[in-house]
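Raw contents of work06.txt, compact mmCIF, C-alpha atoms:
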```txt
# COMPACT_ATOMS: atom_id res chain seq x y z
CA MET A 17 16.43 20.97 16.27
CA TYR A 18 15.77 23.43 13.43
CA ILE A 19 17.45 23.29 10.04
CA GLY A 20 17.49 27.10 9.92
CA LYS A 21 15.11 27.60 7.01
CA THR A 22 11.57 26.87 5.92
CA LEU A 23 11.32 23.94 3.53
CA PRO A 24 9.35 24.68 0.38
CA GLU A 25 6.40 22.37 -0.05
CA ARG A 26 7.58 20.59 -3.19
CA PRO A 27 8.25 17.02 -4.33
CA ILE A 28 11.73 15.65 -3.74
CA PRO A 29 13.64 14.03 -6.60
CA PHE A 30 12.50 10.43 -6.97
CA GLU A 31 16.06 9.15 -6.55
CA ASP A 32 16.24 10.85 -3.11
CA PHE A 33 13.11 9.12 -1.80
CA ASP A 34 14.16 6.92 1.13
CA PRO A 35 11.47 5.48 3.43
CA ASP A 36 14.10 4.70 6.09
CA TYR A 37 15.50 8.24 6.08
CA LEU A 38 13.72 9.50 9.19
CA ALA A 39 14.53 6.50 11.39
CA ASN A 40 18.15 6.41 10.24
CA TRP A 41 18.55 10.15 10.86
CA LEU A 42 17.04 9.89 14.34
CA ASN A 43 19.20 6.91 15.28
CA SER A 44 22.43 8.47 14.00
CA GLU A 45 22.00 12.18 14.73
CA ILE A 46 19.40 12.68 17.46
CA VAL A 47 18.98 9.71 19.82
CA PRO A 48 22.70 9.50 20.77
CA LYS A 49 22.62 13.14 21.97
CA LEU A 50 19.69 12.57 24.35
CA SER A 51 19.39 10.93 27.74
CA GLY A 52 16.75 9.74 30.18
CA ARG A 53 13.11 10.14 29.32
CA GLN A 54 13.81 12.16 26.16
CA LYS A 55 16.02 9.41 24.79
CA GLN A 56 13.43 6.79 25.67
CA ILE A 57 10.57 8.42 23.78
CA CYS A 58 12.74 9.45 20.82
CA GLN A 59 13.97 5.86 20.48
CA ASN A 60 10.39 4.63 20.57
CA PHE A 61 9.52 7.14 17.83
CA ALA A 62 12.48 6.01 15.72
CA ASP A 63 11.48 2.36 16.13
CA HIS A 64 7.88 3.25 15.28
CA ALA A 65 8.91 5.15 12.13
CA LEU A 66 11.19 2.34 10.95
CA ALA A 67 8.56 -0.36 11.48
CA GLU A 68 5.82 1.67 9.79
CA CYS A 69 7.87 2.50 6.71
CA LYS A 70 8.90 -1.14 6.32
CA GLY A 71 5.29 -2.31 6.62
CA ASP A 72 6.25 -4.47 9.64
CA TYR A 73 2.91 -4.72 11.40
CA ASP A 74 4.05 -6.66 14.48
CA ALA A 75 7.04 -4.38 15.13
CA LEU A 76 4.84 -1.33 14.59
CA MET A 77 2.22 -2.43 17.11
CA ALA A 78 4.98 -3.31 19.59
CA THR A 79 5.83 0.41 19.83
CA CYS A 80 2.26 1.35 20.77
CA SER A 81 0.74 1.52 24.24
CA LYS A 82 -2.06 -0.89 25.08
CA LYS A 83 -3.25 1.46 27.85
CA SER A 84 -4.72 4.23 25.72
CA GLN A 85 -4.63 5.78 22.25
CA ASP A 86 -5.71 9.17 20.93
CA TYR A 87 -5.17 9.77 17.22
CA ARG A 88 -6.48 12.95 15.62
CA ARG A 89 -6.03 14.86 12.39
CA TRP A 90 -6.94 18.47 12.95
CA GLY A 91 -8.49 20.36 10.11
CA GLN A 92 -10.54 17.29 9.18
CA GLY A 93 -13.47 17.77 11.57
CA ASP A 94 -14.35 19.55 14.79
CA ASP A 95 -12.80 16.92 17.08
CA GLY A 96 -10.04 15.73 14.78
CA LYS A 97 -11.45 12.19 14.73
CA MET A 98 -12.47 12.32 11.04
CA ASP A 99 -15.87 10.76 11.73
CA GLY A 100 -14.33 7.89 13.68
CA ILE A 101 -11.54 7.03 11.23
CA GLN A 102 -8.85 8.06 13.70
CA PRO A 103 -8.43 5.40 16.44
CA SER A 104 -9.20 5.95 20.12
CA SER A 105 -8.02 2.63 21.58
CA TYR A 106 -5.32 0.01 21.02
CA GLU A 107 -7.91 -2.31 19.49
CA GLU A 108 -8.98 0.35 17.00
CA LEU A 109 -5.32 1.12 16.31
CA GLN A 110 -4.70 -2.50 15.35
CA GLY A 111 -7.29 -2.22 12.57
CA PHE A 112 -6.09 1.23 11.59
CA TYR A 113 -2.48 0.15 11.03
CA TYR A 114 -3.46 -3.13 9.40
CA GLY A 115 -5.51 -1.15 6.89
CA LEU A 116 -2.66 1.28 6.31
CA ILE A 117 -0.26 -1.55 5.49
CA ALA A 118 -2.79 -3.57 3.49
CA SER A 119 -3.50 -0.55 1.28
CA THR A 120 0.27 0.03 0.77
CA VAL A 121 0.33 3.67 1.89
CA PHE A 122 3.05 3.14 4.51
CA VAL A 123 5.99 3.97 2.21
CA ILE A 124 6.87 7.45 3.48
CA HIS A 125 9.85 9.81 3.37
CA LEU A 126 9.55 12.49 6.05
CA GLU A 127 11.78 15.49 5.40
CA PRO A 128 12.29 17.15 8.83
CA GLU A 129 12.48 20.89 9.37
CA LYS A 130 11.91 21.12 13.12
CA LEU A 131 12.04 18.53 15.92
CA ILE A 132 11.22 19.05 19.59
CA VAL A 133 11.62 16.20 22.10
CA GLY A 134 9.96 16.69 25.46
CA GLU A 135 9.18 14.40 28.38
CA ASP A 136 5.90 12.95 27.12
CA THR A 137 5.45 14.56 23.69
CA LEU A 138 7.56 14.72 20.54
CA CYS A 139 6.81 17.19 17.75
CA ILE A 140 8.17 17.03 14.23
CA GLU A 141 7.35 19.39 11.36
CA GLY A 142 8.32 19.17 7.73
CA ASN A 143 7.32 17.71 4.39
CA VAL A 144 5.76 14.28 4.18
CA HIS A 145 6.31 12.48 0.87
CA GLN A 146 4.12 9.38 0.64
CA MET A 147 3.59 6.76 -2.06
CA TYR A 148 -0.03 6.05 -3.02
CA PRO A 149 -1.47 3.40 -5.32
CA ALA A 150 -3.68 5.29 -7.77
CA GLU A 151 -6.70 3.20 -6.78
CA ILE A 152 -6.56 4.59 -3.22
CA MET A 153 -6.63 8.26 -4.21
CA PRO A 154 -10.38 8.49 -5.03
CA ILE A 155 -11.22 6.72 -1.76
CA ALA A 156 -8.88 8.72 0.45
CA PHE A 157 -9.09 12.15 -1.18
CA GLY A 158 -11.81 12.13 -3.83
CA ILE A 159 -9.09 12.68 -6.45
CA GLU A 160 -9.12 10.85 -9.78
CA PRO A 161 -5.55 10.28 -11.03
CA ASP A 162 -4.61 10.38 -14.70
CA ASP A 163 -3.35 6.78 -14.59
CA PRO A 164 -5.65 4.50 -12.54
CA GLU A 165 -2.92 1.86 -12.37
CA GLY A 166 -0.03 4.19 -11.53
CA VAL A 167 1.82 5.05 -8.34
CA TYR A 168 1.79 8.66 -7.15
CA MET A 169 3.83 10.54 -4.56
CA LEU A 170 1.92 12.91 -2.31
CA THR A 171 3.81 15.87 -0.87
CA ILE A 172 2.19 17.70 2.02
CA ARG A 173 3.49 19.88 4.84
CA MET A 174 2.62 18.51 8.28
CA ALA A 175 3.23 19.15 11.95
CA LEU A 176 2.90 15.92 13.96
CA PHE A 177 2.67 15.53 17.71
CA PHE A 178 3.42 12.08 19.15
CA ILE A 179 2.28 11.36 22.71
CA PHE A 180 3.79 8.78 25.09
CA ASP A 181 2.56 7.03 28.22
CA GLU A 182 4.45 6.62 31.50
CA ASP A 183 6.27 3.58 30.10
CA GLY A 184 7.54 5.52 27.07
CA MET A 185 5.18 3.77 24.66
CA GLY A 186 3.37 5.69 21.92
CA CYS A 187 -0.20 6.47 22.93
CA GLY A 188 -1.28 9.07 20.40
CA GLU A 189 -0.53 10.90 17.18
CA GLN A 190 -2.11 14.23 16.31
CA SER A 191 -1.36 16.05 13.09
CA TYR A 192 -1.94 19.40 11.44
CA THR A 193 -1.69 19.81 7.66
CA ASN A 194 -1.31 22.67 5.23
CA GLY A 195 -4.81 22.10 3.86
CA ASP A 196 -6.29 19.12 2.04
CA PRO A 197 -4.31 17.55 -0.80
CA THR A 198 -5.28 18.51 -4.35
CA LEU A 199 -4.43 16.82 -7.63
CA GLU A 200 -1.39 19.12 -7.82
CA SER A 201 -0.14 17.63 -4.52
CA PHE A 202 0.61 14.36 -6.35
CA VAL A 203 3.21 13.47 -8.96
CA LYS A 204 3.29 10.20 -10.85
CA VAL A 205 6.32 8.07 -9.96
CA PRO A 206 8.18 6.08 -12.64
CA LYS A 207 8.03 2.39 -11.80
CA GLU A 208 11.80 2.12 -11.42
CA HIS A 209 11.76 4.76 -8.65
CA VAL A 210 9.05 3.10 -6.55
CA PRO A 211 10.75 1.33 -3.59
CA GLN A 212 10.74 -2.45 -3.90
CA ARG A 213 8.90 -2.85 -0.59
CA PHE A 214 5.87 -1.19 -2.24
CA TRP A 215 5.66 -3.90 -4.90
CA ASP A 216 6.47 -6.67 -2.41
CA ASN A 217 3.65 -5.57 -0.14
CA ILE A 218 1.09 -5.44 -2.95
CA LYS A 219 2.12 -8.93 -4.03
CA LYS A 220 1.89 -10.22 -0.44
CA PHE A 221 -1.68 -9.03 -0.01
CA GLU A 222 -2.71 -10.24 -3.46
CA GLU A 223 -1.56 -13.71 -2.47
CA MET A 224 -3.38 -13.70 0.88
```

Would it be possible to restate this file's structure as structure tokens?
Amino acid sequence: MYIGKTLPERPIPFEDFDPDYLANWLNSEIVPKLSGRQKQICQNFADHALAECKGDYDALMATCSKKSQDYRRWGQGDDGKMDGIQPSSYEELQGFYYGLIASTVFVIHLEPEKLIVGEDTLCIEGNVHQMYPAEIMPIAFGIEPDDPEGVYMLTIRMALFFIFDEDGMGCGEQSYTNGDPTLESFVKVPKEHVPQRFWDNIKKFEEM
């Protein structure tokens, strides 16, 4: 699948931000057209995307293989492991995704430009729009936001490769980005345009 043009790397209107967009698009437009192994891995990817963007830890881990994991972010170190941040086993992945949800950076709208579904690998390229609590930005990117209590939307172009084991379970995610984010990669989001699940998740972890 190719939309026929190159997406500009720019923020989307706040009212268009929909963290379920990718999963809903896959389930309505892509999965029904596939069969066999391709349908199996694309359905796993759709389930994975839906669970992640809802912050549903148990459902998210249920899409992941317990046999092996290989997560890498290329451009962030020679081996893509980011000094051990990227997980290399199911056990490490459990901590990785728990931290992602606990820090409330799972609220993502992926705007697809290209999608390729193979037999054991799925590739998607496009713009990733991701909500960040301001307090996470200095830790994750070394960027100091203007409002330390605000919510910011990151926009970054990415190509992501998802890898699947013989059972059709996700066993790796490797990404390539259009350079490191800068302060200009973020826009502050008005509170009324931040999805409710963002606030619900912060409240849940504050009460734990």

Atom-to-atom span, CA of Phe180 (chain A) and CA of Asp136 (chain A), Å:
5.1 Å

Work out how far CA of Gly158 (chain A) is from CA of Tyr113 (chain A), in Å to one decimal.
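Taking CA of Tyr113 (chain A) and CA of Gly158 (chain A), their separation equals 21.2 Å.
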
Which residue out of A:Ile179, A:Val205, A:Ala78, A:Leu131 has the minimum interatomic distance to Tyr148 (chain A) when only C-alpha atoms are used?
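The closest residue to Tyr148 (chain A) is A:Val205.
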
Point-to-point distance in Å for CA of Met185 (chain A) and CA of Lys70 (chain A)
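Going from CA of Lys70 (chain A) over to CA of Met185 (chain A), I get 19.3 Å.
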
Which neighbours of Tyr18 (chain A) fall inside 7 Å, counting only C-alpha atoms, when residues of the same chain fewer than 2 positions from it are skipped, and could you give them as a ChimeraX atom specification?
/A:20,129-131

Counting only C-alpha atoms, the residue of A:Pro24, A:Gly115, A:Gly91, A:Gly166 that sits nearest Phe221 (chain A):
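Looking at the shortest contact to Phe221 (chain A), the residue is A:Gly115.
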
Closest to Tyr114 (chain A) among A:Ile46, A:Ala62, A:Met174, A:Met77, using all atoms listed in the file?
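Ranked by minimum distance to Tyr114 (chain A), first place goes to A:Met77.
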
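Considering only C-alpha atoms, the residue among A:Cys187, A:Cys69, A:Ile159, A:Ile28 positioned nearest to Asp86 (chain A) is A:Cys187.
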
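For Pro197 (chain A), the non-local neighbours within 10 Å, defined as residues at least 5 positions apart in the same chain or in other chains and counting all atoms listed in the file, are Phe157, Gly158, Ile159, Leu170, Thr171, Ile172, Arg173 and Phe202 of chain A.
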
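Minimum distance to Gln85 (chain A) across A:Pro154, A:Pro128, A:Gly188, A:Gly71 (counting only C-alpha atoms) occurs at A:Gly188.
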
Determine the nearest neighbour of Arg26 (chain A) from the options A:Gln110, A:Ser191, A:Ser201, A:Asn60, counting only C-alpha atoms.
A:Ser201

Every residue with an atom at most 8 Å from (11.1, 16.8, 4.0) (file coordinates; only C-alpha atoms) is what I'm after, so could you write them as an mmCIF file with C-alpha atoms, in the frame of the given file?
```cif
data_model
loop_
_atom_site.group_PDB
_atom_site.id
_atom_site.type_symbol
_atom_site.label_atom_id
_atom_site.label_comp_id
_atom_site.auth_asym_id
_atom_site.auth_seq_id
_atom_site.Cartn_x
_atom_site.Cartn_y
_atom_site.Cartn_z
ATOM 1 C CA LEU A 23 11.320 23.940 3.530
ATOM 2 C CA ILE A 28 11.730 15.650 -3.740
ATOM 3 C CA HIS A 125 9.850 9.810 3.370
ATOM 4 C CA LEU A 126 9.550 12.490 6.050
ATOM 5 C CA GLU A 127 11.780 15.490 5.400
ATOM 6 C CA PRO A 128 12.290 17.150 8.830
ATOM 7 C CA GLU A 129 12.480 20.890 9.370
ATOM 8 C CA GLY A 142 8.320 19.170 7.730
ATOM 9 C CA ASN A 143 7.320 17.710 4.390
ATOM 10 C CA VAL A 144 5.760 14.280 4.180
ATOM 11 C CA HIS A 145 6.310 12.480 0.870
#
```

Centre and edge lengths of an axis-aligned box around all listed atoms of region 169-184 of chain A, with 8 Å added on each side, are to be given in Å to one decimal, as JSON.
```
{"center_x": 4.7, "center_y": 11.7, "center_z": 13.5, "size_x": 21.6, "size_y": 32.3, "size_z": 52.1}
```

Show me, as a list in words, the residues that have an atom within 12 Å of Gly52 (chain A) when counting all atoms listed in the file, minus same-chain residues fewer than 6 positions from it.
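Counting only the stated atoms, we get Cys58, Gln59, Val133, Gly134, Glu135, Asp136 and Gly184 of chain A.
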
Extract, using only C-alpha atoms, all DNA, RNA and protein residues at most 12 Å from Gly96 (chain A), discarding same-chain residues fewer than 4 positions from it, and format them as a VMD selection string.
chain A and resid 86 to 92 100 to 104 189 to 193
